[in-house]
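**Student:** Here's a structure for you.
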Amino acid sequence: MLEQILVLLPQVIFDGFLLGFVYAMVALGYTMVYGVLELINFAHSEIFMIGAVVGVEVFRYLAPALPNGYLLLLLALLLGGLIAGGTAILVERFAYRPLRKRGTTNRLVPLITAIGVSFILQDLVRLIEGLWHNEFFLRMRTVEALEGSVELFGGAIFAQTKAFIVIVVSILMLVGLTYLVNRTKLGVAIRAVAQDLSTASLMGIDPDRVISRTFLIGGSLGGVAGVLFALMYTTVNPYVGFLPGIKAFTAAVLGGIGNIPGAMLGGLVLGQLENFFGTYLPILTNGNFGTEYKDVVAFLILIFILLVRPQGLLGQVVKEKV
Amino acid sequence: MTALALTLGFLLFTWLAPGALSALFGLLALGVTAFGRLSPSQRGLSLALLTLGFTLGLRASGNTLGLIGLVGILVALTTLKVPRLLQILLGLAILLLSVPIAGFANTFIFELGIQIGIYAAMALGLNVVVGMAGLLDLGYAAFFAVGAYTWAIFGSEQAKNFLQGNFPLPGEYMYLFMAIAIVTTAITGLLIGLPALRLRGDYLAIVTLGLGEVVRILANNLDHPINFTNGPQGITPVQRPPIDWFHSLAASLGLQLDARTDYQLFFYLLVLLMIGLVVLVNLNLANSRFGRAWVAIREDEIAARSMGIPLLPTKLLAFMTGAAFSGVMGVIFAAQRTFVSPESFTLLASITILAMVILGGMGSIPGAILGAAALTILNLDVLKTFSEFVRTSLPQIPSQVDPAKYERLVFGVILVLMMIFRPEGLIPEKRHRAEMEEA
């Protein structure tokens, strides 16, 4: 048994990183919105799903016309990011902003709104896909250029070309976002609003604009992650966002919610843990407990982290004002 | 005066042409009665006539719009000024006479009544958790599942897989298992609550959502290594209690029951009884030491703690109470359907119950019942009828647009619109309304 575990280990770690990067990208969307508004944007799972669906559609319609696989993917990433980001802005404008304007102090109100939005988006996509293609369980059309694979370390790791694309794109996105938040004017404004919304608005920052841009950025990241997810896992439906969304939230909490490097770290750690349990649980228990319990593991990690270190791995303790 | 005239017109209309059109007219008359300027006794008279009209209409045509009218009258009775005696008599008449009479004409009315009742009792349970104590629980269906499986496993041959003995247990044991389910779900509530309730607000919501999913995953996968739940196939048939005594009781009242309606009537009355009990417990809790402690925690946790309220035990008690209500209804659900599968306990089920509580008004008892009635009728009846209508009258529209498939969309829209325009709910609780207005 031990031998079996060791033989699989490099592959497990590689796949764990892959999964981790996808979680990290989605987690960034949660973390940014939470950092600015202290709102768990449940609908972010559906923004991710929209990205995945857009990815499938772009490949379906443009694959025959565009022979270059990489150009096709670039287009899919751009469109996926744009449409998902646009949806995120609309959600903010029509669901969250009215609540903010009324100034509700009850924290349950925005959370319930977010759940409602998430349900609406799921069924809207289902409706559109149903009308468009008469089905809503979609398969990603494969393109030959993206279907290659290599074996690394003498066959210890089997890696698809797609896997490298996912890793490269996500690292680029993460670095870009870090630069944006830390070095640009918009980044300063976002951090100012996150610090204190009313003071920031006194300093000549328009909070509505900053918040809607935060949603745009977070949503686009989620959309890009969705396209990459569709590329990797090839089957997509309107309810596909729920589990990755919850796990990405877990990742954000794990790293310290509101903390951007924390979200990345949390995503990678969670990806490793989940992949580890998903692969080894059946082996360790002689097949008595299957891969499906890996989701249980993710939830148990979430609870454990919240109990032991609620501020997360990189987060800071927030003192409560009375 | 217009209200009374409309009501009389409705009676005549139903007499001549019972059906959807007359029921719609009745709803109009009900609206005018509810919102018009009427003295309490006039309003009572009008409501009584409307009840008569809806009952006659239901008996003659079986159109379910009439049931909506009856629910509307019940709401009007609880929220408007009507003479006390009439309130009680009319309420009892609707629940014990009108609905059964309609049910014998159209058994679907019984089915609707039972579903509304089960959901109403659960909404009342969740109301204790969310409405009174302010703890957002997104995994409430998990307790329902635990209750349902508690009876389903022992009330079917399923228990033979891991226990020696004579299974299924005879149906009478269902009553015992209703008591056992209170214990098992309260323990589940304790197990889920103990870690989760140390957290606050948003985090609590996410963790309960996660734990609810864990329970569903367990129900889905515990068919190996030992077959407890029979996995995704679910468990069937689940025993129902024998009701010979109920037959003879009905016969002595001059009512001949047949195999189609006997269990429907029995479960309808059982569910009514349960709701009565749950409402009683709810009312007593709201005025008890615990009820006040819950409200205190909901309003301001830190202040409540400073006043010496022990946070975790108080919250746990709310959680376990809510869980127990849900567990009992789970047993009834399993017996009534004779079938239990993990599909009934998804996140959608939890959100549906939450939507009922929110729609009705958090913390408000008539609100929770109204919310349950409205959403169950919407989901089981209105959307399905609408689908039927679309399919027959507009056949060129593809089946993907079938309104019955868009339950989530409707619930989502309700949640968002309620939060934006009326966060305190349709029949708000006094304190909640004050709080929302203040904000």
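Ligands are numbered from 1 in the order shown, residues from 1 within each chain, and chains are lettered A, B, ... in the order they appear in the structure tokens.
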Distance table requested - chain B against chain A, cut-off 8 Å, only C-alpha atoms: one row per qualifying residue with the closest atom pair and its distance in Å to one decimal, ordered by chain and rising residue number, as JSON lines.
**Tutor:**
```
{"residue": "B:Leu136", "atom": "CA", "partner": "A:Leu108", "partner_atom": "CA", "distance": 7.2}
{"residue": "B:Pro195", "atom": "CA", "partner": "A:Leu307", "partner_atom": "CA", "distance": 7.1}
{"residue": "B:Ala196", "atom": "CA", "partner": "A:Ile303", "partner_atom": "CA", "distance": 7.3}
{"residue": "B:Arg198", "atom": "CA", "partner": "A:Leu307", "partner_atom": "CA", "distance": 7.5}
{"residue": "B:Leu199", "atom": "CA", "partner": "A:Leu306", "partner_atom": "CA", "distance": 7.5}
{"residue": "B:Gly201", "atom": "CA", "partner": "A:Arg107", "partner_atom": "CA", "distance": 7.0}
{"residue": "B:Asp202", "atom": "CA", "partner": "A:Ile40", "partner_atom": "CA", "distance": 7.1}
{"residue": "B:Val207", "atom": "CA", "partner": "A:Ile303", "partner_atom": "CA", "distance": 6.5}
{"residue": "B:Gly210", "atom": "CA", "partner": "A:Phe299", "partner_atom": "CA", "distance": 5.6}
{"residue": "B:Leu211", "atom": "CA", "partner": "A:Phe299", "partner_atom": "CA", "distance": 7.1}
{"residue": "B:Val214", "atom": "CA", "partner": "A:Val296", "partner_atom": "CA", "distance": 5.7}
{"residue": "B:Ile217", "atom": "CA", "partner": "A:Tyr293", "partner_atom": "CA", "distance": 7.6}
{"residue": "B:Asn221", "atom": "CA", "partner": "A:Glu292", "partner_atom": "CA", "distance": 7.9}
{"residue": "B:His224", "atom": "CA", "partner": "A:Asn288", "partner_atom": "CA", "distance": 6.4}
{"residue": "B:Pro225", "atom": "CA", "partner": "A:Asn288", "partner_atom": "CA", "distance": 5.2}
{"residue": "B:Ile302", "atom": "CA", "partner": "A:Val322", "partner_atom": "CA", "distance": 7.5}
{"residue": "B:Pro398", "atom": "CA", "partner": "A:Leu131", "partner_atom": "CA", "distance": 7.3}
{"residue": "B:Gln400", "atom": "CA", "partner": "A:Gly130", "partner_atom": "CA", "distance": 5.3}
{"residue": "B:Val401", "atom": "CA", "partner": "A:Leu127", "partner_atom": "CA", "distance": 6.5}
{"residue": "B:Tyr406", "atom": "CA", "partner": "A:Asp123", "partner_atom": "CA", "distance": 6.3}
{"residue": "B:Arg408", "atom": "CA", "partner": "A:Phe119", "partner_atom": "CA", "distance": 5.4}
{"residue": "B:Leu409", "atom": "CA", "partner": "A:Ile120", "partner_atom": "CA", "distance": 4.5}
{"residue": "B:Val410", "atom": "CA", "partner": "A:Ile120", "partner_atom": "CA", "distance": 7.5}
{"residue": "B:Phe411", "atom": "CA", "partner": "A:Gly116", "partner_atom": "CA", "distance": 7.0}
{"residue": "B:Gly412", "atom": "CA", "partner": "A:Gly116", "partner_atom": "CA", "distance": 3.8}
{"residue": "B:Val413", "atom": "CA", "partner": "A:Gly116", "partner_atom": "CA", "distance": 6.4}
{"residue": "B:Ile414", "atom": "CA", "partner": "A:Gly116", "partner_atom": "CA", "distance": 7.6}
{"residue": "B:Leu415", "atom": "CA", "partner": "A:Gly116", "partner_atom": "CA", "distance": 5.2}
{"residue": "B:Val416", "atom": "CA", "partner": "A:Thr113", "partner_atom": "CA", "distance": 4.9}
{"residue": "B:Met419", "atom": "CA", "partner": "A:Val109", "partner_atom": "CA", "distance": 6.1}
{"residue": "B:Ile420", "atom": "CA", "partner": "A:Leu99", "partner_atom": "CA", "distance": 6.1}
{"residue": "B:Pro423", "atom": "CA", "partner": "A:Val109", "partner_atom": "CA", "distance": 7.3}
{"residue": "B:Met436", "atom": "CA", "partner": "A:Thr104", "partner_atom": "CA", "distance": 7.7}
{"residue": "B:Ala439", "atom": "CA", "partner": "A:Thr104", "partner_atom": "CA", "distance": 5.5}
```
**Student:** Write a file of the just-selected residues containing N, CA and C atoms, as an mmCIF file, in the first residue's frame.
**Tutor:**
```
data_model
loop_
_atom_site.group_PDB
_atom_site.id
_atom_site.type_symbol
_atom_site.label_atom_id
_atom_site.label_comp_id
_atom_site.auth_asym_id
_atom_site.auth_seq_id
_atom_site.Cartn_x
_atom_site.Cartn_y
_atom_site.Cartn_z
ATOM 1 N N LEU B 136 -28.453 32.313 11.132
ATOM 2 C CA LEU B 136 -28.806 31.918 9.769
ATOM 3 C C LEU B 136 -28.318 30.494 9.514
ATOM 4 N N PRO B 195 -19.660 22.863 16.988
ATOM 5 C CA PRO B 195 -18.614 23.646 16.326
ATOM 6 C C PRO B 195 -19.162 24.905 15.658
ATOM 7 N N ALA B 196 -20.322 24.786 14.972
ATOM 8 C CA ALA B 196 -20.768 25.882 14.105
ATOM 9 C C ALA B 196 -21.168 27.117 14.906
ATOM 10 N N ARG B 198 -20.079 28.485 17.490
ATOM 11 C CA ARG B 198 -19.053 29.380 18.018
ATOM 12 C C ARG B 198 -18.797 30.497 17.031
ATOM 13 N N LEU B 199 -19.274 30.311 15.796
ATOM 14 C CA LEU B 199 -19.047 31.305 14.751
ATOM 15 C C LEU B 199 -20.226 32.248 14.674
ATOM 16 N N GLY B 201 -22.708 35.108 12.349
ATOM 17 C CA GLY B 201 -23.232 35.641 11.088
ATOM 18 C C GLY B 201 -22.913 34.832 9.850
ATOM 19 N N ASP B 202 -22.148 35.447 8.959
ATOM 20 C CA ASP B 202 -21.871 34.854 7.654
ATOM 21 C C ASP B 202 -21.187 33.507 7.777
ATOM 22 N N VAL B 207 -20.950 27.517 7.246
ATOM 23 C CA VAL B 207 -20.630 26.245 7.880
ATOM 24 C C VAL B 207 -21.868 25.355 7.950
ATOM 25 N N GLY B 210 -22.309 23.891 4.647
ATOM 26 C CA GLY B 210 -21.368 22.797 4.430
ATOM 27 C C GLY B 210 -21.800 21.536 5.156
ATOM 28 N N LEU B 211 -22.212 21.691 6.402
ATOM 29 C CA LEU B 211 -22.598 20.502 7.166
ATOM 30 C C LEU B 211 -23.876 19.889 6.611
ATOM 31 N N VAL B 214 -22.766 17.830 3.933
ATOM 32 C CA VAL B 214 -22.129 16.607 4.442
ATOM 33 C C VAL B 214 -23.190 15.553 4.736
ATOM 34 N N ILE B 217 -24.321 14.152 1.467
ATOM 35 C CA ILE B 217 -23.315 13.265 0.878
ATOM 36 C C ILE B 217 -23.315 11.924 1.604
ATOM 37 N N ASN B 221 -24.060 8.195 0.052
ATOM 38 C CA ASN B 221 -22.960 7.246 -0.080
ATOM 39 C C ASN B 221 -22.906 6.162 0.979
ATOM 40 N N HIS B 224 -22.386 1.716 1.139
ATOM 41 C CA HIS B 224 -21.239 0.840 1.284
ATOM 42 C C HIS B 224 -20.291 1.479 2.275
ATOM 43 N N PRO B 225 -19.483 0.828 3.020
ATOM 44 C CA PRO B 225 -19.349 -0.630 3.089
ATOM 45 C C PRO B 225 -20.578 -1.338 3.692
ATOM 46 N N ILE B 302 -23.096 41.050 21.963
ATOM 47 C CA ILE B 302 -22.145 41.463 23.002
ATOM 48 C C ILE B 302 -22.889 41.963 24.234
ATOM 49 N N PRO B 398 -40.778 25.742 -26.798
ATOM 50 C CA PRO B 398 -40.060 24.511 -26.449
ATOM 51 C C PRO B 398 -40.221 24.152 -24.968
ATOM 52 N N GLN B 400 -38.151 23.447 -22.853
ATOM 53 C CA GLN B 400 -37.129 23.959 -21.932
ATOM 54 C C GLN B 400 -37.617 25.176 -21.164
ATOM 55 N N VAL B 401 -38.667 25.814 -21.659
ATOM 56 C CA VAL B 401 -39.144 27.023 -21.008
ATOM 57 C C VAL B 401 -40.218 26.683 -19.977
ATOM 58 N N TYR B 406 -38.471 26.106 -13.241
ATOM 59 C CA TYR B 406 -37.743 27.293 -12.813
ATOM 60 C C TYR B 406 -38.066 27.735 -11.397
ATOM 61 N N ARG B 408 -36.156 27.533 -8.821
ATOM 62 C CA ARG B 408 -35.057 28.301 -8.237
ATOM 63 C C ARG B 408 -35.134 29.765 -8.636
ATOM 64 N N LEU B 409 -35.426 29.987 -9.918
ATOM 65 C CA LEU B 409 -35.514 31.361 -10.413
ATOM 66 C C LEU B 409 -36.567 32.119 -9.609
ATOM 67 N N VAL B 410 -37.733 31.489 -9.433
ATOM 68 C CA VAL B 410 -38.817 32.153 -8.720
ATOM 69 C C VAL B 410 -38.412 32.417 -7.269
ATOM 70 N N PHE B 411 -37.833 31.413 -6.608
ATOM 71 C CA PHE B 411 -37.406 31.617 -5.221
ATOM 72 C C PHE B 411 -36.349 32.709 -5.138
ATOM 73 N N GLY B 412 -35.414 32.697 -6.102
ATOM 74 C CA GLY B 412 -34.368 33.705 -6.107
ATOM 75 C C GLY B 412 -34.947 35.103 -6.230
ATOM 76 N N VAL B 413 -35.879 35.266 -7.180
ATOM 77 C CA VAL B 413 -36.487 36.586 -7.382
ATOM 78 C C VAL B 413 -37.223 37.010 -6.115
ATOM 79 N N ILE B 414 -37.934 36.058 -5.494
ATOM 80 C CA ILE B 414 -38.655 36.406 -4.262
ATOM 81 C C ILE B 414 -37.674 36.873 -3.185
ATOM 82 N N LEU B 415 -36.582 36.118 -3.013
ATOM 83 C CA LEU B 415 -35.610 36.490 -1.974
ATOM 84 C C LEU B 415 -35.052 37.885 -2.229
ATOM 85 N N VAL B 416 -34.620 38.135 -3.482
ATOM 86 C CA VAL B 416 -33.982 39.425 -3.770
ATOM 87 C C VAL B 416 -34.981 40.568 -3.595
ATOM 88 N N MET B 419 -35.789 41.284 0.026
ATOM 89 C CA MET B 419 -34.703 41.938 0.750
ATOM 90 C C MET B 419 -34.622 43.417 0.379
ATOM 91 N N ILE B 420 -34.905 43.732 -0.910
ATOM 92 C CA ILE B 420 -34.793 45.125 -1.326
ATOM 93 C C ILE B 420 -36.002 45.935 -0.857
ATOM 94 N N PRO B 423 -37.862 43.829 3.687
ATOM 95 C CA PRO B 423 -37.067 42.831 4.406
ATOM 96 C C PRO B 423 -37.758 42.306 5.656
ATOM 97 N N MET B 436 -36.313 47.103 11.513
ATOM 98 C CA MET B 436 -36.085 47.409 10.119
ATOM 99 C C MET B 436 -36.381 48.871 9.822
ATOM 100 N N ALA B 439 -33.520 51.060 10.969
ATOM 101 C CA ALA B 439 -32.367 50.984 10.082
ATOM 102 C C ALA B 439 -32.661 51.724 8.785
#
```
**Student:** When you look at B:Leu190 with a cut-off of 9 Å (counting only C-alpha atoms), what residues show up, excluding the ones that are within fewer than 6 positions of it in the same chain? I need them as a JSON list (two decimals) with all heavy atoms, in the first residue's frame.
**Tutor:**
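Output file out.json is given in full below:
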```json
[["chain", "number", "residue", "atom", "x", "y", "z"],
["B", 316, "LEU", "N", -27.38, 26.90, 21.23],
["B", 316, "LEU", "CA", -27.54, 25.46, 20.99],
["B", 316, "LEU", "C", -28.98, 25.04, 21.21],
["B", 316, "LEU", "O", -29.53, 24.25, 20.46],
["B", 316, "LEU", "CB", -26.63, 24.67, 21.93],
["B", 316, "LEU", "CG", -25.27, 24.28, 21.40],
["B", 316, "LEU", "CD1", -24.50, 23.52, 22.45],
["B", 316, "LEU", "CD2", -25.41, 23.43, 20.15],
["B", 317, "LEU", "N", -29.58, 25.59, 22.26],
["B", 317, "LEU", "CA", -30.96, 25.22, 22.56],
["B", 317, "LEU", "C", -31.88, 25.62, 21.40],
["B", 317, "LEU", "O", -32.74, 24.82, 20.99],
["B", 317, "LEU", "CB", -31.41, 25.91, 23.85],
["B", 317, "LEU", "CG", -32.75, 25.40, 24.36],
["B", 317, "LEU", "CD1", -32.60, 24.01, 24.90],
["B", 317, "LEU", "CD2", -33.29, 26.33, 25.43],
["B", 319, "PHE", "N", -31.04, 25.94, 18.30],
["B", 319, "PHE", "CA", -30.69, 25.05, 17.19],
["B", 319, "PHE", "C", -31.35, 23.69, 17.37],
["B", 319, "PHE", "O", -31.91, 23.13, 16.44],
["B", 319, "PHE", "CB", -29.17, 24.89, 17.18],
["B", 319, "PHE", "CG", -28.57, 24.92, 15.84],
["B", 319, "PHE", "CD1", -28.65, 26.05, 15.06],
["B", 319, "PHE", "CD2", -27.92, 23.81, 15.34],
["B", 319, "PHE", "CE1", -28.08, 26.07, 13.81],
["B", 319, "PHE", "CE2", -27.34, 23.82, 14.10],
["B", 319, "PHE", "CZ", -27.43, 24.95, 13.33],
["B", 320, "MET", "N", -31.29, 23.16, 18.60],
["B", 320, "MET", "CA", -31.83, 21.83, 18.85],
["B", 320, "MET", "C", -33.35, 21.83, 18.79],
["B", 320, "MET", "O", -33.97, 20.87, 18.32],
["B", 320, "MET", "CB", -31.33, 21.31, 20.20],
["B", 320, "MET", "CG", -29.86, 20.91, 20.15],
["B", 320, "MET", "SD", -29.10, 20.80, 21.77],
["B", 320, "MET", "CE", -29.85, 19.34, 22.41]]
```
**Student:** Quick one: pull the distance between atom CA of A:Tyr70 and atom CA of A:Gly86, Å, one decimal.
**Tutor:**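 Atom CA of A:Gly86 lies 23.9 Å from atom CA of A:Tyr70.
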**Student:** Go ahead and compute the interatomic distance for atom CA of A:Val22 and atom CA of A:Leu228, in Å to one decimal.
**Tutor:**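 Separation between atom CA of A:Val22 and atom CA of A:Leu228: 7.7 Å.
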**Student:** I'd like the neighbourhood of A:Leu268 as number ranges by chain, where a residue qualifies if any of its atoms comes within 7 Å (using only C-alpha atoms), though same-chain residues fewer than 3 positions away should be ignored.
**Tutor:** A: 17, 20-21, 24, 264-265, 271-272
**Student:** Can you spit out the residues from that selection as a CSV table (one decimal), in the first residue's frame, using C-alpha atoms?
**Tutor:**
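So out-v3.csv came out as:
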```
chain,number,residue,atom,x,y,z
A,17,PHE,CA,-1.4,22.4,-7.7
A,20,GLY,CA,-5.3,24.8,-6.3
A,21,PHE,CA,-4.7,27.5,-8.9
A,24,ALA,CA,-7.0,30.5,-5.9
A,264,MET,CA,-3.7,32.3,-3.2
A,265,LEU,CA,-2.0,30.3,-0.5
A,271,GLY,CA,-6.2,22.0,-3.8
A,272,GLN,CA,-3.4,19.8,-2.4
```
**Student:** Check stretch 122-321 of chain A with DSSP on the backbone and list each residue it calls helix (DSSP H, G or I), as a ChimeraX atom specification.
**Tutor:** /A:122-133,144-146,161-183,185-195,197-202,207-233,242-255,260-284,291-308
**Student:** Just want the 7 Å neighbourhood of A:Leu216, counted on only C-alpha atoms, with same-chain residues fewer than 5 positions away dropped. Output as a PyMOL selection string.
**Tutor:** chain A and resi 85-86+88-89
**Student:** Compile the contact shell of stretch 49-66 of chain A as an mmCIF file with C-alpha atoms, in the first residue's frame: residues with an atom at most 6 Å away, counting only C-alpha atoms, same-chain residues fewer than 3 positions apart removed.
**Tutor:**
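What follows is the written file result13.cif:
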```cif
data_model
loop_
_atom_site.group_PDB
_atom_site.id
_atom_site.type_symbol
_atom_site.label_atom_id
_atom_site.label_comp_id
_atom_site.auth_asym_id
_atom_site.auth_seq_id
_atom_site.Cartn_x
_atom_site.Cartn_y
_atom_site.Cartn_z
ATOM 1 C CA GLU A 46 -22.382 31.587 -10.559
ATOM 2 C CA ALA A 76 -12.409 32.531 -24.834
ATOM 3 C CA GLY A 80 -15.355 34.805 -20.481
ATOM 4 C CA ALA A 84 -18.564 37.324 -16.183
ATOM 5 C CA MET A 140 -16.430 21.481 -24.224
ATOM 6 C CA ARG A 141 -15.397 20.999 -27.812
ATOM 7 C CA GLY A 223 -14.862 34.166 -15.345
ATOM 8 C CA GLY A 226 -14.413 29.317 -15.226
ATOM 9 C CA VAL A 227 -13.064 29.132 -18.786
ATOM 10 C CA ALA A 230 -14.259 24.127 -18.584
ATOM 11 C CA GLY A 241 -20.399 26.585 -9.847
#
```
**Student:** Find, counting only C-alpha atoms, the residue in B:Pro366, B:Gly212, B:Pro100, B:Pro83 that gets nearest to B:Ser41.
**Tutor:**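 Closest to B:Ser41, using only C-alpha atoms: B:Pro83.
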**Student:** Enumerate as a list in words all residues of stretch 58-273 of chain A assigned to strand (DSSP E or B) by DSSP on the backbone, naming them with the chain letters and numbers the document uses.
**Tutor:**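 Filtering stretch 58-273 of chain A to strand (DSSP E or B) leaves Leu138, Arg139, Ser149, Val150, Glu151, Leu152, Ile157, Phe158, Ala159, Gln160, Thr235 and Val236 of chain A.
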**Student:** Quick one: write out the picked residues with C-alpha atoms as a JSON list (two decimals), in the first residue's frame?
**Tutor:**
```
[["chain", "number", "residue", "atom", "x", "y", "z"],
["A", 138, "LEU", "CA", -22.68, 21.10, -22.19],
["A", 139, "ARG", "CA", -19.51, 19.45, -23.42],
["A", 149, "SER", "CA", 0.52, 15.80, -23.17],
["A", 150, "VAL", "CA", 4.02, 15.15, -21.82],
["A", 151, "GLU", "CA", 5.52, 12.84, -19.22],
["A", 152, "LEU", "CA", 7.87, 14.41, -16.72],
["A", 157, "ILE", "CA", 3.96, 12.80, -13.78],
["A", 158, "PHE", "CA", 1.59, 12.73, -16.68],
["A", 159, "ALA", "CA", 0.81, 16.32, -17.62],
["A", 160, "GLN", "CA", -1.54, 17.61, -20.28],
["A", 235, "THR", "CA", -18.36, 19.08, -18.92],
["A", 236, "VAL", "CA", -20.30, 22.11, -17.73]]
```
**Student:** So that I can check the surroundings of stretch 262-269 of chain B, please list as a list in words every protein, DNA and RNA residue that reaches within 6 Å of it, counting only C-alpha atoms and ignoring chain neighbours fewer than 4 positions away.
**Tutor:**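 Non-adjacent residues within range: Ile114, Leu257 and Asp258 of chain B.
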**Student:** Using only C-alpha atoms, which residues sit within 12 Å of B:Met1 once same-chain residues fewer than 6 positions away are excluded, as a compact mmCIF listing (two decimals) with all heavy atoms, in the first residue's frame?
**Tutor:**
```txt
# COMPACT_ATOMS: atom_id res chain seq x y z
N THR B 7 -69.03 39.89 -2.48
CA THR B 7 -69.05 38.56 -1.91
C THR B 7 -70.31 37.81 -2.30
O THR B 7 -70.26 36.63 -2.68
CB THR B 7 -68.95 38.67 -0.37
OG1 THR B 7 -67.83 39.48 -0.06
CG2 THR B 7 -68.80 37.32 0.26
N LEU B 8 -71.45 38.54 -2.21
CA LEU B 8 -72.71 37.89 -2.60
C LEU B 8 -72.70 37.52 -4.08
O LEU B 8 -73.14 36.44 -4.47
CB LEU B 8 -73.89 38.81 -2.28
CG LEU B 8 -74.20 38.88 -0.78
CD1 LEU B 8 -75.23 39.96 -0.49
CD2 LEU B 8 -74.68 37.53 -0.26
N ALA B 29 -62.91 39.57 -4.47
CA ALA B 29 -63.80 39.94 -3.36
C ALA B 29 -63.06 39.87 -2.04
O ALA B 29 -63.22 40.72 -1.16
CB ALA B 29 -65.00 39.00 -3.34
N VAL B 32 -60.90 42.95 -1.64
CA VAL B 32 -61.68 44.14 -1.25
C VAL B 32 -62.10 44.03 0.22
O VAL B 32 -62.02 45.00 0.97
CB VAL B 32 -62.92 44.27 -2.17
CG1 VAL B 32 -63.81 45.42 -1.69
CG2 VAL B 32 -62.49 44.51 -3.60
N THR B 33 -62.48 42.82 0.65
CA THR B 33 -62.86 42.63 2.05
C THR B 33 -61.68 42.91 2.98
O THR B 33 -61.85 43.52 4.04
CB THR B 33 -63.31 41.17 2.28
OG1 THR B 33 -64.29 40.85 1.31
CG2 THR B 33 -63.88 41.00 3.66
N GLY B 36 -60.65 46.89 2.28
CA GLY B 36 -61.65 47.94 2.33
C GLY B 36 -61.96 48.39 3.76
O GLY B 36 -61.51 47.76 4.73
N ARG B 37 -62.71 49.48 3.87
CA ARG B 37 -63.09 49.96 5.20
C ARG B 37 -64.35 49.23 5.62
O ARG B 37 -65.42 49.47 5.08
CB ARG B 37 -63.39 51.45 5.15
CG ARG B 37 -62.18 52.30 5.19
CD ARG B 37 -62.63 53.69 4.83
NE ARG B 37 -61.49 54.55 4.63
CZ ARG B 37 -61.26 55.59 5.40
NH1 ARG B 37 -62.09 55.91 6.37
NH2 ARG B 37 -60.19 56.35 5.18
N LEU B 38 -64.22 48.35 6.58
CA LEU B 38 -65.37 47.58 7.03
C LEU B 38 -65.32 47.50 8.55
O LEU B 38 -64.25 47.52 9.14
CB LEU B 38 -65.32 46.15 6.47
CG LEU B 38 -65.65 45.94 5.00
CD1 LEU B 38 -65.20 44.56 4.58
CD2 LEU B 38 -67.12 46.10 4.78
N SER B 39 -66.50 47.42 9.17
CA SER B 39 -66.49 47.19 10.61
C SER B 39 -66.15 45.72 10.83
O SER B 39 -66.35 44.89 9.94
CB SER B 39 -67.87 47.50 11.19
OG SER B 39 -68.77 46.50 10.79
N GLN B 42 -68.96 43.26 9.99
CA GLN B 42 -69.22 43.17 8.54
C GLN B 42 -68.15 42.33 7.87
O GLN B 42 -68.43 41.48 7.02
CB GLN B 42 -69.21 44.57 7.93
CG GLN B 42 -70.54 45.26 7.99
CD GLN B 42 -70.42 46.67 7.43
OE1 GLN B 42 -69.36 47.29 7.51
NE2 GLN B 42 -71.50 47.17 6.89
N ARG B 43 -66.91 42.59 8.27
CA ARG B 43 -65.79 41.86 7.67
C ARG B 43 -65.93 40.37 7.98
O ARG B 43 -65.73 39.52 7.11
CB ARG B 43 -64.47 42.40 8.21
CG ARG B 43 -63.27 41.72 7.61
CD ARG B 43 -62.00 42.39 7.99
NE ARG B 43 -61.76 43.60 7.21
CZ ARG B 43 -61.21 44.69 7.68
NH1 ARG B 43 -60.87 44.75 8.95
NH2 ARG B 43 -61.01 45.73 6.92
N LEU B 45 -68.65 38.71 8.57
CA LEU B 45 -69.74 38.15 7.76
C LEU B 45 -69.25 37.88 6.34
O LEU B 45 -69.47 36.80 5.76
CB LEU B 45 -70.91 39.15 7.73
CG LEU B 45 -72.11 38.73 6.88
CD1 LEU B 45 -72.76 37.50 7.47
CD2 LEU B 45 -73.12 39.86 6.76
N SER B 46 -68.56 38.87 5.80
CA SER B 46 -68.06 38.73 4.44
C SER B 46 -67.11 37.53 4.33
O SER B 46 -67.18 36.74 3.39
CB SER B 46 -67.36 40.02 4.04
OG SER B 46 -66.83 39.90 2.76
```
